[in-house]
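This is my_file.cif (mmCIF, C-alpha atoms and all ligand atoms).
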data_query
loop_
_atom_site.label_atom_id
_atom_site.label_comp_id
_atom_site.auth_asym_id
_atom_site.auth_seq_id
_atom_site.Cartn_x
_atom_site.Cartn_y
_atom_site.Cartn_z
CA MET A 370 -0.78 21.75 18.31
CA LYS A 371 0.41 22.42 14.79
CA ILE A 372 -0.74 21.60 11.27
CA ALA A 373 1.08 21.59 7.94
CA VAL A 374 -0.69 21.03 4.63
CA LEU A 375 1.39 18.84 2.33
CA ALA A 376 -0.98 19.52 -0.58
CA SER A 377 -4.57 20.56 -1.10
CA SER A 378 -6.84 21.07 -4.07
CA SER A 379 -9.36 19.04 -6.06
CA ARG A 380 -6.33 17.11 -7.33
CA GLY A 381 -4.91 15.80 -4.07
CA ASN A 382 -5.03 16.36 -0.33
CA ALA A 383 -2.88 15.45 2.66
CA SER A 384 -2.19 17.23 5.94
CA VAL A 385 -0.16 16.46 9.03
CA ILE A 386 -1.19 17.45 12.55
CA THR A 387 1.03 17.11 15.60
CA ALA A 388 0.41 17.50 19.32
CA GLY A 389 2.58 16.24 22.15
CA GLU A 390 4.14 12.97 21.02
CA THR A 391 1.48 12.17 18.42
CA THR A 392 1.46 12.89 14.69
CA LEU A 393 -1.56 12.18 12.51
CA LEU A 394 -1.86 12.23 8.75
CA VAL A 395 -5.22 13.42 7.47
CA ASP A 396 -5.96 11.94 4.05
CA ALA A 397 -3.43 10.48 1.62
CA GLY A 398 -4.57 11.88 -1.70
CA ILE A 399 -1.10 12.51 -3.10
CA SER A 400 1.62 9.96 -3.84
CA ALA A 401 3.38 8.21 -0.98
CA ARG A 402 6.60 9.73 -2.29
CA ARG A 403 5.20 13.26 -2.02
CA ILE A 404 3.89 12.51 1.46
CA LYS A 405 7.35 11.28 2.50
CA LEU A 406 9.05 14.36 1.02
CA GLY A 407 6.47 16.67 2.59
CA LEU A 408 6.94 15.08 6.00
CA GLU A 409 10.72 15.46 5.66
CA ALA A 410 10.28 19.15 4.83
CA CYS A 411 8.34 19.37 8.12
CA GLY A 412 11.14 17.64 10.03
CA LEU A 413 9.27 14.33 10.21
CA SER A 414 9.49 10.89 8.63
CA LEU A 415 6.94 8.24 7.69
CA GLY A 416 7.79 6.41 10.91
CA ASP A 417 6.50 9.36 12.94
CA ILE A 418 2.91 8.84 11.77
CA HIS A 419 0.74 7.37 14.56
CA GLY A 420 -2.45 7.15 12.52
CA ILE A 421 -4.08 8.12 9.24
CA CYS A 422 -7.50 9.75 9.48
CA ILE A 423 -9.45 9.47 6.24
CA THR A 424 -12.25 11.88 5.34
CA HIS A 425 -13.71 9.86 2.42
CA GLU A 426 -12.82 7.55 -0.44
CA HIS A 427 -12.47 9.96 -3.39
CA THR A 428 -9.13 9.60 -5.14
CA ASP A 429 -7.98 13.10 -4.23
CA HIS A 430 -8.10 11.90 -0.58
CA VAL A 431 -6.89 8.28 -0.78
CA GLY A 432 -4.93 8.09 -4.05
CA GLY A 433 -1.63 7.47 -2.23
CA LEU A 434 -3.00 5.15 0.46
CA ALA A 435 -2.27 1.82 -1.24
CA VAL A 436 1.47 2.50 -1.57
CA LEU A 437 1.68 4.40 1.72
CA SER A 438 0.09 1.56 3.71
CA GLY A 439 2.83 -0.75 2.43
CA LYS A 440 5.52 1.63 3.70
CA VAL A 441 4.13 2.62 7.08
CA LYS A 442 2.45 0.20 9.48
CA THR A 443 -0.04 2.40 11.19
CA LYS A 444 -3.74 2.33 11.89
CA ILE A 445 -6.21 3.80 9.43
CA TYR A 446 -9.14 5.62 11.04
CA CYS A 447 -12.28 5.83 8.94
CA SER A 448 -16.03 5.47 9.14
CA ARG A 449 -17.38 1.93 9.50
CA TYR A 450 -19.03 1.96 6.07
CA LEU A 451 -15.91 3.18 4.30
CA ARG A 452 -13.80 0.25 5.41
CA ALA A 453 -14.92 -2.04 2.58
CA ASP A 454 -13.73 0.51 0.00
CA LEU A 455 -10.41 1.08 1.74
CA LYS A 456 -9.81 -2.64 2.32
CA SER A 457 -9.43 -3.08 -1.41
CA LEU A 458 -6.81 -0.31 -1.46
CA ALA A 459 -4.95 -1.28 1.69
CA PRO A 460 -5.86 -4.90 2.49
CA ASP A 461 -3.14 -5.49 5.07
CA ALA A 462 -3.64 -2.32 7.08
CA THR A 463 -5.29 -2.30 10.48
CA TYR A 464 -8.43 -0.23 10.77
CA ALA A 465 -10.25 1.59 13.53
CA PHE A 466 -13.84 2.62 13.02
CA LEU A 467 -15.14 6.07 13.72
CA GLU A 468 -18.73 6.92 14.51
CA PRO A 469 -19.80 10.49 13.74
CA GLY A 470 -20.32 12.33 17.02
CA THR A 471 -18.31 9.85 19.12
CA GLU A 472 -14.88 10.99 20.28
CA VAL A 473 -11.91 8.65 20.18
CA ARG A 474 -8.51 8.93 21.77
CA ILE A 475 -5.54 8.66 19.38
CA GLY A 476 -2.30 9.13 21.32
CA ASP A 477 -2.27 12.68 22.67
CA PHE A 478 -5.31 13.66 20.59
CA THR A 479 -8.99 13.43 21.27
CA VAL A 480 -10.63 13.23 17.85
CA LEU A 481 -14.27 14.02 17.14
CA PRO A 482 -15.52 12.78 13.75
CA ILE A 483 -18.35 14.83 12.22
CA SER A 484 -20.67 13.91 9.35
CA VAL A 485 -20.35 16.16 6.32
CA SER A 486 -22.58 16.43 3.25
CA HIS A 487 -20.79 14.95 0.23
CA ASP A 488 -21.41 12.34 -2.46
CA ALA A 489 -19.23 9.70 -0.78
CA VAL A 490 -19.59 6.79 1.67
CA ASP A 491 -20.29 8.31 5.10
CA PRO A 492 -17.80 11.20 4.67
CA LEU A 493 -16.25 12.79 7.76
CA GLY A 494 -14.85 16.06 8.97
CA TYR A 495 -12.92 16.23 12.23
CA VAL A 496 -12.23 18.25 15.33
CA PHE A 497 -8.77 17.45 16.72
CA LYS A 498 -8.29 18.36 20.39
CA ALA A 499 -5.09 18.43 22.45
CA ASP A 500 -3.38 20.68 24.98
CA GLY A 501 -6.55 22.78 25.31
CA VAL A 502 -6.45 23.58 21.59
CA ARG A 503 -9.13 22.61 19.07
CA LEU A 504 -8.57 22.36 15.34
CA GLY A 505 -11.56 22.00 12.99
CA TYR A 506 -11.01 20.15 9.69
CA ILE A 507 -13.86 20.47 7.22
CA THR A 508 -13.48 19.59 3.56
CA ASP A 509 -15.67 18.23 0.76
CA THR A 510 -19.10 19.25 1.95
CA GLY A 511 -21.84 20.77 -0.16
CA CYS A 512 -23.41 22.60 2.75
CA ILE A 513 -22.96 23.48 6.37
CA THR A 514 -24.96 21.00 8.39
CA ARG A 515 -26.64 21.65 11.72
CA THR A 516 -24.20 19.39 13.56
CA MET A 517 -21.16 21.24 12.22
CA ILE A 518 -21.91 24.56 13.87
CA PRO A 519 -21.87 23.43 17.54
CA ALA A 520 -19.01 20.99 16.85
CA LEU A 521 -16.80 23.68 15.32
CA GLN A 522 -17.60 26.47 17.75
CA GLY A 523 -14.57 27.34 19.83
CA VAL A 524 -11.89 26.06 17.46
CA GLN A 525 -8.67 28.07 17.44
CA VAL A 526 -7.64 26.76 14.03
CA LEU A 527 -10.01 26.10 11.14
CA TYR A 528 -9.03 24.13 8.02
CA LEU A 529 -11.92 24.80 5.68
CA GLU A 530 -12.79 23.95 2.11
CA SER A 531 -13.20 27.02 -0.12
CA ASN A 532 -13.59 25.17 -3.40
CA TYR A 533 -15.00 27.51 -6.00
CA ASP A 534 -15.98 31.03 -6.93
CA GLN A 535 -19.55 30.97 -8.15
CA ASP A 536 -18.92 33.14 -11.23
CA MET A 537 -15.83 31.16 -12.23
CA LEU A 538 -17.80 27.92 -11.87
CA TYR A 539 -20.59 29.20 -14.15
CA ASP A 540 -18.05 30.55 -16.66
CA SER A 541 -15.93 27.37 -16.58
CA GLY A 542 -17.56 25.76 -19.61
CA ARG A 543 -18.17 22.60 -17.57
CA PRO A 544 -21.20 20.43 -18.32
CA GLN A 545 -24.31 21.56 -16.48
CA ASP A 546 -24.62 18.29 -14.55
CA LEU A 547 -21.08 18.66 -13.20
CA ILE A 548 -21.77 22.27 -12.19
CA GLY A 549 -24.92 21.04 -10.49
CA ARG A 550 -22.98 18.35 -8.62
CA ILE A 551 -20.31 20.79 -7.41
CA GLU A 552 -22.72 23.44 -6.15
CA GLY A 553 -25.31 20.94 -4.89
CA GLN A 554 -25.75 20.03 -1.25
CA TRP A 555 -23.60 16.88 -1.68
CA GLY A 556 -20.83 18.75 -3.53
CA HIS A 557 -18.37 21.39 -2.38
CA LEU A 558 -18.30 24.68 -0.47
CA SER A 559 -17.99 27.90 -2.45
CA ASN A 560 -15.91 30.82 -1.26
CA ALA A 561 -19.17 32.50 -0.21
CA GLN A 562 -20.35 29.45 1.76
CA ALA A 563 -16.97 29.18 3.49
CA GLY A 564 -17.32 32.83 4.48
CA GLU A 565 -20.83 32.24 5.78
CA PHE A 566 -19.58 29.34 7.90
CA VAL A 567 -16.87 31.51 9.45
CA ARG A 568 -19.49 34.17 10.23
CA GLN A 569 -21.38 31.54 12.20
CA ILE A 570 -18.49 30.22 14.26
CA ALA A 571 -16.11 33.21 14.55
CA HIS A 572 -15.03 33.93 18.10
CA ARG A 573 -12.24 35.81 19.82
CA ASP A 574 -9.82 32.88 19.89
CA LEU A 575 -10.25 31.73 16.27
CA ARG A 576 -6.67 32.55 15.35
CA HIS A 577 -5.93 30.78 12.07
CA ILE A 578 -8.07 29.97 9.05
CA ILE A 579 -6.61 27.70 6.36
CA LEU A 580 -8.53 27.79 3.09
CA ALA A 581 -8.27 24.43 1.36
CA HIS A 582 -9.39 22.22 -1.53
CA LEU A 583 -9.41 25.09 -4.04
CA SER A 584 -10.49 24.11 -7.54
CA PRO A 585 -7.67 24.84 -10.01
CA GLU A 586 -10.24 25.68 -12.70
CA CYS A 587 -12.93 27.51 -10.72
CA ASN A 588 -10.97 29.42 -8.07
CA THR A 589 -7.68 31.14 -7.39
CA PRO A 590 -5.81 31.61 -4.11
CA ASP A 591 -6.26 35.39 -4.42
CA CYS A 592 -9.98 35.08 -5.08
CA ALA A 593 -10.58 32.71 -2.15
CA ALA A 594 -8.44 34.80 0.20
CA ALA A 595 -10.14 38.06 -0.81
CA ALA A 596 -13.60 36.60 -0.19
CA MET A 597 -12.65 35.35 3.28
CA GLN A 598 -10.70 38.49 4.16
CA ALA A 599 -13.79 40.58 3.35
CA VAL A 600 -15.75 38.50 5.88
CA LEU A 601 -13.02 38.87 8.52
CA ASP A 602 -12.83 42.63 7.91
CA ASP A 603 -16.60 42.90 8.21
CA LEU A 604 -16.45 41.02 11.51
CA HIS A 605 -13.40 43.07 12.65
CA HIS A 606 -11.82 39.70 13.29
CA PRO A 607 -8.01 39.50 13.35
CA ALA A 608 -7.57 35.81 12.41
CA THR A 609 -4.56 35.02 10.24
CA LEU A 610 -5.56 33.71 6.82
CA HIS A 611 -3.62 30.99 4.99
CA VAL A 612 -4.30 29.41 1.61
CA ALA A 613 -3.25 25.79 1.06
CA ARG A 614 -2.05 24.95 -2.46
CA GLN A 615 -1.60 21.89 -4.58
CA ALA A 616 2.03 22.23 -5.54
CA GLU A 617 3.47 23.84 -2.41
CA LEU A 618 3.71 22.84 1.20
CA LEU A 619 1.92 25.10 3.67
CA PRO A 620 4.45 24.99 6.52
CA TRP A 621 3.52 24.56 10.17
CA VAL A 622 0.72 26.71 11.49
CA GLN A 623 1.06 26.50 15.24
CA VAL A 624 -1.18 27.42 18.17
ZN ZN A 701 -11.86 16.22 -2.53
ZN ZN A 702 -14.69 14.32 -2.43
#

Let me see the file written as structure tokens.
Ligand SMILES: [Zn+2]
Ligand SMILES: [Zn+2]
Amino acid sequence: MKIAVLASSSRGNASVITAGETTLLVDAGISARRIKLGLEACGLSLGDIHGICITHEHTDHVGGLAVLSGKVKTKIYCSRYLRADLKSLAPDATYAFLEPGTEVRIGDFTVLPISVSHDAVDPLGYVFKADGVRLGYITDTGCITRTMIPALQGVQVLYLESNYDQDMLYDSGRPQDLIGRIEGQWGHLSNAQAGEFVRQIAHRDLRHIILAHLSPECNTPDCAAAAMQAVLDDLHHPATLHVARQAELLPWVQV
């Protein structure tokens, strides 16, 4: 299994995951043109996408979906309650519903959708399984829920939101209600919360951690990486750390 991150931050998110003969796009929060170019940089084309798994309806996750769905005829996987929102964006697409906690088969993948805690319509995280490898994909969640820990235990690759540094958020000059939304339980994970999550699920075979959805205003790649590296050092855990960025492709991370 391998994952490449076409873009990730509060401004736009899209990743591509491949196993066997199957390639999935996770979120389409950048333009269809950027998705196409990103896929080409990964040696793929739009026609290689077997399905699009959507986490939730915020623009930074579906902003490119309307144009993309006109270019690529593939199934969109989303939660049942999200369909009405996405139907207005991509009316001609075919949809498959996901129920949190119920695995579905998509080509060579078994996909487990997981409920996350975010101010959106039934938002989802995922565990993608194939070839004996498990990849956890958790973004846009204000807290670590009880169901996430058992679901994510045993993953070899973890794509994890590390949205903000607490001090930078407080010093950002943002309105207090926005700060409250971001750090609230329906908001986003801080660097410290991401580290705490890894403490809870770290195991010998957790080989790659991809920090994602960094806030351009309230975090930096160095700050997020340093916070997570301190946790890994404390655990004496040798996982390789990657930081996904908005403007640059994170090339294939393979297990
Ligand atoms: Zn987001
Ligand atoms: Zn969101």

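Considering all atoms listed in the file, the residue among A:Ala571, A:Ile551, A:Val496, A:Leu618 positioned nearest to ligand ZN 701 (chain A) is A:Ile551.
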
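You will find CA of Leu434 (chain A) at 15.1 Å from atom ZN of ligand ZN 702 (chain A).
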
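Our summary of the geometry notes that CA of Val385 (chain A) is positioned 5.6 Å from CA of Ile372 (chain A).
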
Write out as a tab-separated table a residue-level contact list of chain A versus ligand ZN 702 (chain A) with cut-off 9 Å: for each qualifying residue the closest pair of atoms and the distance in Å to one decimal, counting only C-alpha atoms and all ligand atoms, rows sorted by chain and residue number upward.
residue	atom	partner	partner_atom	distance
A:Ser379	CA	A:ZN702	ZN	8.0
A:Thr424	CA	A:ZN702	ZN	8.5
A:His425	CA	A:ZN702	ZN	6.7
A:Glu426	CA	A:ZN702	ZN	7.3
A:His427	CA	A:ZN702	ZN	5.0
A:Thr428	CA	A:ZN702	ZN	7.8
A:Asp429	CA	A:ZN702	ZN	7.1
A:His430	CA	A:ZN702	ZN	7.3
A:His487	CA	A:ZN702	ZN	6.7
A:Asp488	CA	A:ZN702	ZN	7.0
A:Ala489	CA	A:ZN702	ZN	6.7
A:Pro492	CA	A:ZN702	ZN	8.4
A:Thr508	CA	A:ZN702	ZN	8.1
A:Asp509	CA	A:ZN702	ZN	5.1
A:Thr510	CA	A:ZN702	ZN	7.9
A:Gly556	CA	A:ZN702	ZN	7.7
A:His557	CA	A:ZN702	ZN	8.0

Long-range neighbours of region 563-565 of chain A as a list in words, 9 Å cut-off, all atoms listed in the file, 5 positions minimum in chain:
Ile513, Leu529, Glu530, Ser531, Asn532, Leu558, Leu580, Ala596, Met597, Gln598, Ala599, Val600 and Leu601 of chain A

Skip region 518-526 of chain A itself and residues of its chain fewer than 3 positions away, then list as a PyMOL selection string all residues within 10 Å of it, counting only C-alpha atoms.
chain A and resi 370-372+470+481-483+495-498+501-507+513-515+529+566-567+569-579+608-609+622-624

Let me have the centre and edge lengths of the axis-aligned box enclosing all listed atoms of region 442-453 of chain A with 4 Å padding on every side, in Å to one decimal, as lines of an AutoDock Vina configuration file.
center_x = -8.3
center_y = 1.9
center_z = 7.2
size_x = 29.5
size_y = 15.9
size_z = 17.3

Name the residues in contact with Leu408 (chain A) at a cut-off of 12 Å, using all atoms listed in the file, excluding same-chain residues fewer than 3 positions from it; report them as a ChimeraX atom specification.
/A:372-376,383-387,392-394,401-405,411-418,618-621

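Excluding Asp461 (chain A) itself and same-chain residues fewer than 3 positions from it, the residues having an atom within 9 Å of it are Ser438, Gly439 and Lys456 of chain A, counting only C-alpha atoms.
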
Could you tell me how far CA of Gly494 (chain A) lies from CA of Arg452 (chain A), in Å and to one decimal?
16.2 Å

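In terms of minimum interatomic distance to Val490 (chain A), A:Leu451 ranks closest within A:Met517, A:Gly433, A:Leu451, A:Thr471, counting all atoms listed in the file.
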
Give the answer as one residue: which of A:Val431, A:Leu610, A:Leu406, A:Cys587 has the shortest atom-to-atom distance to ligand ZN 701 (chain A), using all atoms listed in the file?
A:Val431

Filled-in N, CA and C atoms of region 377-405 of chain A, supplied as an mmCIF file, keeping the file's coordinate frame:
data_model
loop_
_atom_site.group_PDB
_atom_site.id
_atom_site.type_symbol
_atom_site.label_atom_id
_atom_site.label_comp_id
_atom_site.auth_asym_id
_atom_site.auth_seq_id
_atom_site.Cartn_x
_atom_site.Cartn_y
_atom_site.Cartn_z
ATOM 1 N N SER A 377 -3.103 20.541 -1.126
ATOM 2 C CA SER A 377 -4.570 20.560 -1.100
ATOM 3 C C SER A 377 -5.105 21.228 -2.350
ATOM 4 N N SER A 378 -6.028 20.536 -2.983
ATOM 5 C CA SER A 378 -6.840 21.070 -4.070
ATOM 6 C C SER A 378 -7.747 19.920 -4.499
ATOM 7 N N SER A 379 -8.530 20.135 -5.558
ATOM 8 C CA SER A 379 -9.360 19.040 -6.060
ATOM 9 C C SER A 379 -8.507 17.912 -6.617
ATOM 10 N N ARG A 380 -7.204 18.124 -6.735
ATOM 11 C CA ARG A 380 -6.330 17.110 -7.330
ATOM 12 C C ARG A 380 -5.578 16.260 -6.318
ATOM 13 N N GLY A 381 -5.612 16.619 -5.055
ATOM 14 C CA GLY A 381 -4.910 15.800 -4.070
ATOM 15 C C GLY A 381 -4.782 16.517 -2.744
ATOM 16 N N ASN A 382 -5.006 15.758 -1.658
ATOM 17 C CA ASN A 382 -5.030 16.360 -0.330
ATOM 18 C C ASN A 382 -4.308 15.487 0.691
ATOM 19 N N ALA A 383 -3.492 16.128 1.520
ATOM 20 C CA ALA A 383 -2.880 15.450 2.660
ATOM 21 C C ALA A 383 -2.379 16.520 3.627
ATOM 22 N N SER A 384 -2.654 16.309 4.906
ATOM 23 C CA SER A 384 -2.190 17.230 5.940
ATOM 24 C C SER A 384 -1.570 16.438 7.068
ATOM 25 N N VAL A 385 -0.756 17.103 7.861
ATOM 26 C CA VAL A 385 -0.160 16.460 9.030
ATOM 27 C C VAL A 385 -0.410 17.357 10.238
ATOM 28 N N ILE A 386 -0.849 16.713 11.323
ATOM 29 C CA ILE A 386 -1.190 17.450 12.550
ATOM 30 C C ILE A 386 -0.432 16.800 13.701
ATOM 31 N N THR A 387 0.214 17.630 14.501
ATOM 32 C CA THR A 387 1.030 17.110 15.600
ATOM 33 C C THR A 387 0.631 17.783 16.904
ATOM 34 N N ALA A 388 0.554 16.973 17.958
ATOM 35 C CA ALA A 388 0.410 17.500 19.320
ATOM 36 C C ALA A 388 1.108 16.543 20.256
ATOM 37 N N GLY A 389 1.844 17.094 21.225
ATOM 38 C CA GLY A 389 2.580 16.240 22.150
ATOM 39 C C GLY A 389 3.478 15.285 21.387
ATOM 40 N N GLU A 390 3.306 13.990 21.658
ATOM 41 C CA GLU A 390 4.140 12.970 21.020
ATOM 42 C C GLU A 390 3.450 12.332 19.805
ATOM 43 N N THR A 391 2.299 12.855 19.425
ATOM 44 C CA THR A 391 1.480 12.170 18.420
ATOM 45 C C THR A 391 1.400 12.973 17.131
ATOM 46 N N THR A 392 1.595 12.275 16.011
ATOM 47 C CA THR A 392 1.460 12.890 14.690
ATOM 48 C C THR A 392 0.446 12.104 13.878
ATOM 49 N N LEU A 393 -0.531 12.812 13.330
ATOM 50 C CA LEU A 393 -1.560 12.180 12.510
ATOM 51 C C LEU A 393 -1.480 12.726 11.094
ATOM 52 N N LEU A 394 -1.690 11.823 10.142
ATOM 53 C CA LEU A 394 -1.860 12.230 8.750
ATOM 54 C C LEU A 394 -3.359 12.286 8.481
ATOM 55 N N VAL A 395 -3.811 13.346 7.842
ATOM 56 C CA VAL A 395 -5.220 13.420 7.470
ATOM 57 C C VAL A 395 -5.297 13.345 5.947
ATOM 58 N N ASP A 396 -5.846 12.261 5.463
ATOM 59 C CA ASP A 396 -5.960 11.940 4.050
ATOM 60 C C ASP A 396 -4.589 11.643 3.417
ATOM 61 N N ALA A 397 -4.647 10.884 2.342
ATOM 62 C CA ALA A 397 -3.430 10.480 1.620
ATOM 63 C C ALA A 397 -3.733 10.540 0.130
ATOM 64 N N GLY A 398 -4.118 11.728 -0.322
ATOM 65 C CA GLY A 398 -4.570 11.880 -1.700
ATOM 66 C C GLY A 398 -3.493 12.343 -2.666
ATOM 67 N N ILE A 399 -2.254 12.261 -2.226
ATOM 68 C CA ILE A 399 -1.100 12.510 -3.100
ATOM 69 C C ILE A 399 -0.207 11.274 -2.989
ATOM 70 N N SER A 400 0.815 11.188 -3.825
ATOM 71 C CA SER A 400 1.620 9.960 -3.840
ATOM 72 C C SER A 400 2.346 9.785 -2.501
ATOM 73 N N ALA A 401 2.629 8.518 -2.195
ATOM 74 C CA ALA A 401 3.380 8.210 -0.980
ATOM 75 C C ALA A 401 4.740 8.916 -0.988
ATOM 76 N N ARG A 402 5.303 9.048 -2.183
ATOM 77 C CA ARG A 402 6.600 9.730 -2.290
ATOM 78 C C ARG A 402 6.473 11.205 -1.903
ATOM 79 N N ARG A 403 5.409 11.850 -2.385
ATOM 80 C CA ARG A 403 5.200 13.260 -2.020
ATOM 81 C C ARG A 403 4.905 13.405 -0.535
ATOM 82 N N ILE A 404 4.168 12.450 0.014
ATOM 83 C CA ILE A 404 3.890 12.510 1.460
ATOM 84 C C ILE A 404 5.200 12.405 2.234
ATOM 85 N N LYS A 405 6.056 11.456 1.816
ATOM 86 C CA LYS A 405 7.350 11.280 2.500
ATOM 87 C C LYS A 405 8.181 12.558 2.405
#
